[in-house]
Amino acid sequence: MFSNKKWSILLGLVVVASMLLSACGPEATPQVVTAPPVVVTELVPGATSIVEVQVTVPPEVVEATVEVIKEVVVTATPEPSKRTGAWVDMLVFTEQNSAQAAVKQLQANDIDIYAYSVGDTEVFATVKGDSNLSYTNAFGSYTELTFNPSGPEFADGRLNPFSNAKIREAMNWLVDRNYMVQEIYGGLGKVKVTSLNSAFPDYAKYVDVLRAIETFYAYNPDKAKEGITTEMTAMGAVLGADGKWMYKDAPVVIIAIIRTEDERLQIGDYVCNQLETVGFTTDRQYKTRSEASPIWNQSDPKEGKMHFYTGGWITTAVSRDDATNFGYFYTNLGSASPLWQAYVNTPEYYDVASKLWVNDFKSLEERRALFEKALWGAQQDSTRVWLVDQLSFSPQNAKLEVAYDLAGGVAGSVLMPYTIRWTGQEGGTVRIAQPGVLVEPWNPIAGSNWIYDQTPGRATGDRGVMNDPYTGMVWPQRIASADVVVKAGLPVLKTLH
């Protein structure tokens with residue numbers, strides 16, 4: 001049996017142990033057992049962790065060990081944020097083909113950003129007048145007419161006027177680009193006559209050549225009608241008493257594939273109106289991107305499913321070298337698509353375009369000479385007739401932040417995964433609407449060539465290098481270093497690196 005002194009010592013040790021635990025939970029009354037070890041236990045309802053405290057009594061006091069086990073609730077203080085990677089947790093992509101409807105969704109807080117190049121002045125005014133909305137500007141989008149050059153007859157015997165390069169060239173005089181800029185785009189654009197973007201470096205380098213081309217191909221409907229009449233007659237067509245072209249006793253009907261989601265709807269109608277003034281009958285087929293692509297981009301041009309398409313393009317970074325434009329837009333170098341493979345060029349043009357395709361020149365003077373030949377040659381070919389360089393905008397929630405590219409805007413931005421965030425907070429979800437999602441099957445490596453398909457990939461991916469959003473120059477992103485070997489004598493200039 002323990003003496004009173006020994007009991008007092010043991011009880012004192014238990015009290016000390018209890019005090020050691022008092023910061024972790026309610027104070028407990030221990031139960032002491034005399035043989036062998038003494039255990040004191042208290043259970044706290046709802047506890048999520050266990051703290052054990054063991055007290056050993058010195059042998060000279062008592063040959064026993066007192067274990068105090070206490071179950072307590074532990075509340076952890078979070079450490080300061082060390083977030084890496086994206087600022088937000090999730091991006092949700094939805095399809096919305098109407099810019100007006102998209103802005104209404106923004107105002108109703110149903111979406112957070114409309115990632116598309118919008119050129120509607122009424123929508124622009126709405127966005128500017130709403131303090132809960134903001135917008136970004138970009139100048140990399142542009143529109144054109146894509147012609148089917150197959151012929152002179154399609155497989156079923158119908159005449160294709162646009163198999164004739166001179167009739168395609170005459171279309172440059174038939175359309176009033178300034179009318180489109182002012183009336184269709186409300187001033188949010190600039191007249192475009194060649195494939196060179198008026199905001200990019202190569203346009204500035206060769207502006208004297210471009211001014212001459214723009215003057216030569218300015219709106220001139222009388223000249224267009226004269227050229228079309230001469231060529232149609234030479235192709236065997238007859239202008240009827242009603243002023244309509246006939247071929248093999250049937251009207252010459254121009255099939256127009258007209259996109260419906262943006263200003264190209266009005267462009268298509270305008271071009272058809274102009275074609276009717278020179279004697280053509282038009283078949284206006286209004287299509288969304290998914291409906292139009294199998295016709296203009298994938299069908300055999302010989303089938304004659306379309307004569308022209310209202311094309312739209314976006315350059316997603318400031319282009320410092322547009323030399324490949326002449327091969328891409330006018331020759332079979334550009335794509336394996338049936339339409340591209342139907343392009344037939346003069347040997348002179350193909351030679352110039354091929355040299356610029358691979359930068360085969362030894363001086364900037366030689367490059368300039370190649371550009372001048374290519375620019376005039378492309379206009380004479382005119383498988384594409386260029387219309388407008390857009391000054392577009394993308395509306396968004398005013399509390400949303402995202403870095404955009406001055407050419408590609410938000411839709412083409414490769415900076416989105418590193419910068420998109422809600423003001424003053426981390427995490428959360430951003431709901432992104434755009435006119436199309438998964439327009440075509442994706443190449444497993446490169447996706448597709450549609451900006452609507454590329455946007456989700458760019459917004460969630462990473463890359464080795466990054467284009468500067470203001471200059472187009474390349475900054476390293478994942479690449480630590482690279483060895484560059486330059487052949488002696490080539491005109492190579494030093495950039496920011």
# chains A, B, ... in the order shown; residues from 1 in each chain; ligands from 1

$ residues_around --residues "Trp450 of chain A" --least-positions-apart "4" --cutoff "12 Å" --atoms "only C-alpha atoms" --output "list in words"
Arg289, Ser290, Ser293, Asn297, Gly312, Trp313, Ile314, Thr315, Thr316, Ala411, Gly412, Gln434, Pro435, Gly436, Val437, Leu438, Val439, Glu440, Pro441, Trp442, Asn443, Ala446, Gln454, Thr455, Pro456 and Gly457 of chain A

$ select_by_dssp --residues "segment 85-118 of chain A" --states "strand (DSSP E or B)" --output "VMD selection string"
chain A and resid 90 to 95 113 to 114 118

$ closest_residue --among "A:Ser363, A:Gln285, A:Thr229, A:Asn197" --to "Asp321 of chain A" --atoms "only C-alpha atoms"
A:Asn197

$ select_by_dssp --residues "segment 232-459 of chain A" --states "helix (DSSP H, G or I)" --output "VMD selection string"
chain A and resid 232 to 234 264 to 277 289 to 296 301 to 303 325 to 330 338 to 341 347 to 357 364 to 381 416 to 419 451 to 459

$ closest_residue --among "A:Tyr470, A:Tyr185, A:Phe147, A:Tyr328" --to "Tyr309 of chain A" --atoms "only C-alpha atoms"
A:Phe147

$ closest_residue --among "A:Ile113, A:Leu400, A:Ile228, A:Ala480" --to "Phe162 of chain A" --atoms "only C-alpha atoms"
A:Ile228

$ closest_residue --among "A:Leu490, A:Ala224, A:Met171, A:Asp130" --to "Gln379 of chain A" --atoms "only C-alpha atoms"
A:Met171

$ closest_residue --among "A:Arg478, A:Lys128, A:Lys287, A:Lys399" --to "Val430 of chain A" --atoms "only C-alpha atoms"
A:Lys399

$ closest_residue --among "A:Tyr135, A:Trp376, A:Tyr114, A:Tyr270" --to "Ile184 of chain A" --atoms "only C-alpha atoms"
A:Tyr270

$ atom_distance --atom1 "atom CA of Leu210 of chain A" --atom2 "atom CA of Thr194 of chain A"
7.9 Å

$ residues_around --residues "segment 201-209 of chain A" --least-positions-apart "2" --cutoff "7 Å" --atoms "only C-alpha atoms" --output "MDAnalysis selection string"
chainID A and resid 196:199 211:213 320:322 372

$ residues_around --residues "Pro221 of chain A" --least-positions-apart "4" --cutoff "8 Å" --atoms "only C-alpha atoms" --output "list in words"
Trp173, Leu174, Val175 and Lys225 of chain A

$ write_last_selection --atoms "N, CA and C atoms" --output "PDB file, in the first residue's frame"
ATOM      1  N   TRP A 173     -12.948  44.862-108.230  1.00  0.00           N
ATOM      2  CA  TRP A 173     -13.565  46.134-108.604  1.00  0.00           C
ATOM      3  C   TRP A 173     -15.070  46.140-108.348  1.00  0.00           C
ATOM      4  N   LEU A 174     -15.666  44.960-108.236  1.00  0.00           N
ATOM      5  CA  LEU A 174     -17.121  44.879-108.087  1.00  0.00           C
ATOM      6  C   LEU A 174     -17.578  45.159-106.659  1.00  0.00           C
ATOM      7  N   VAL A 175     -16.730  44.878-105.667  1.00  0.00           N
ATOM      8  CA  VAL A 175     -17.128  45.059-104.266  1.00  0.00           C
ATOM      9  C   VAL A 175     -16.558  46.358-103.715  1.00  0.00           C
ATOM     10  N   LYS A 225     -17.772  45.161-114.541  1.00  0.00           N
ATOM     11  CA  LYS A 225     -18.783  44.653-115.478  1.00  0.00           C
ATOM     12  C   LYS A 225     -18.191  44.434-116.864  1.00  0.00           C
TER      13      LYS A 225
END

$ atom_distance --atom1 "atom CA of Gln477 of chain A" --atom2 "atom CA of Ala398 of chain A"
28.7 Å

$ atom_distance --atom1 "atom CA of Ala292 of chain A" --atom2 "atom CA of Asp176 of chain A"
24.7 Å

$ residues_around --residues "Ile420 of chain A" --least-positions-apart "2" --cutoff "10 Å" --atoms "only C-alpha atoms" --output "PyMOL selection string"
chain A and resi 86-88+91+400-404+415-418+422-423+430+459

$ residues_around --residues "Asn397 of chain A" --least-positions-apart "3" --cutoff "8 Å" --atoms "only C-alpha atoms" --output "tab-separated table (two decimals) with C-alpha atoms, in the first residue's frame"
chain	number	residue	atom	x	y	z
A	106	LEU	CA	-22.95	38.55	-69.50
A	112	ASP	CA	-18.11	35.57	-67.75
A	113	ILE	CA	-16.45	36.26	-71.13
A	132	ASN	CA	-20.33	45.80	-64.96
A	133	LEU	CA	-18.74	44.90	-68.30
A	134	SER	CA	-15.38	45.55	-69.91
A	400	LEU	CA	-12.40	39.30	-64.68

$ residues_around --residues "Ala482 of chain A" --least-positions-apart "6" --cutoff "12 Å" --atoms "only C-alpha atoms" --output "list in words"
Gly464, Val465, Trp475, Pro476 and His497 of chain A
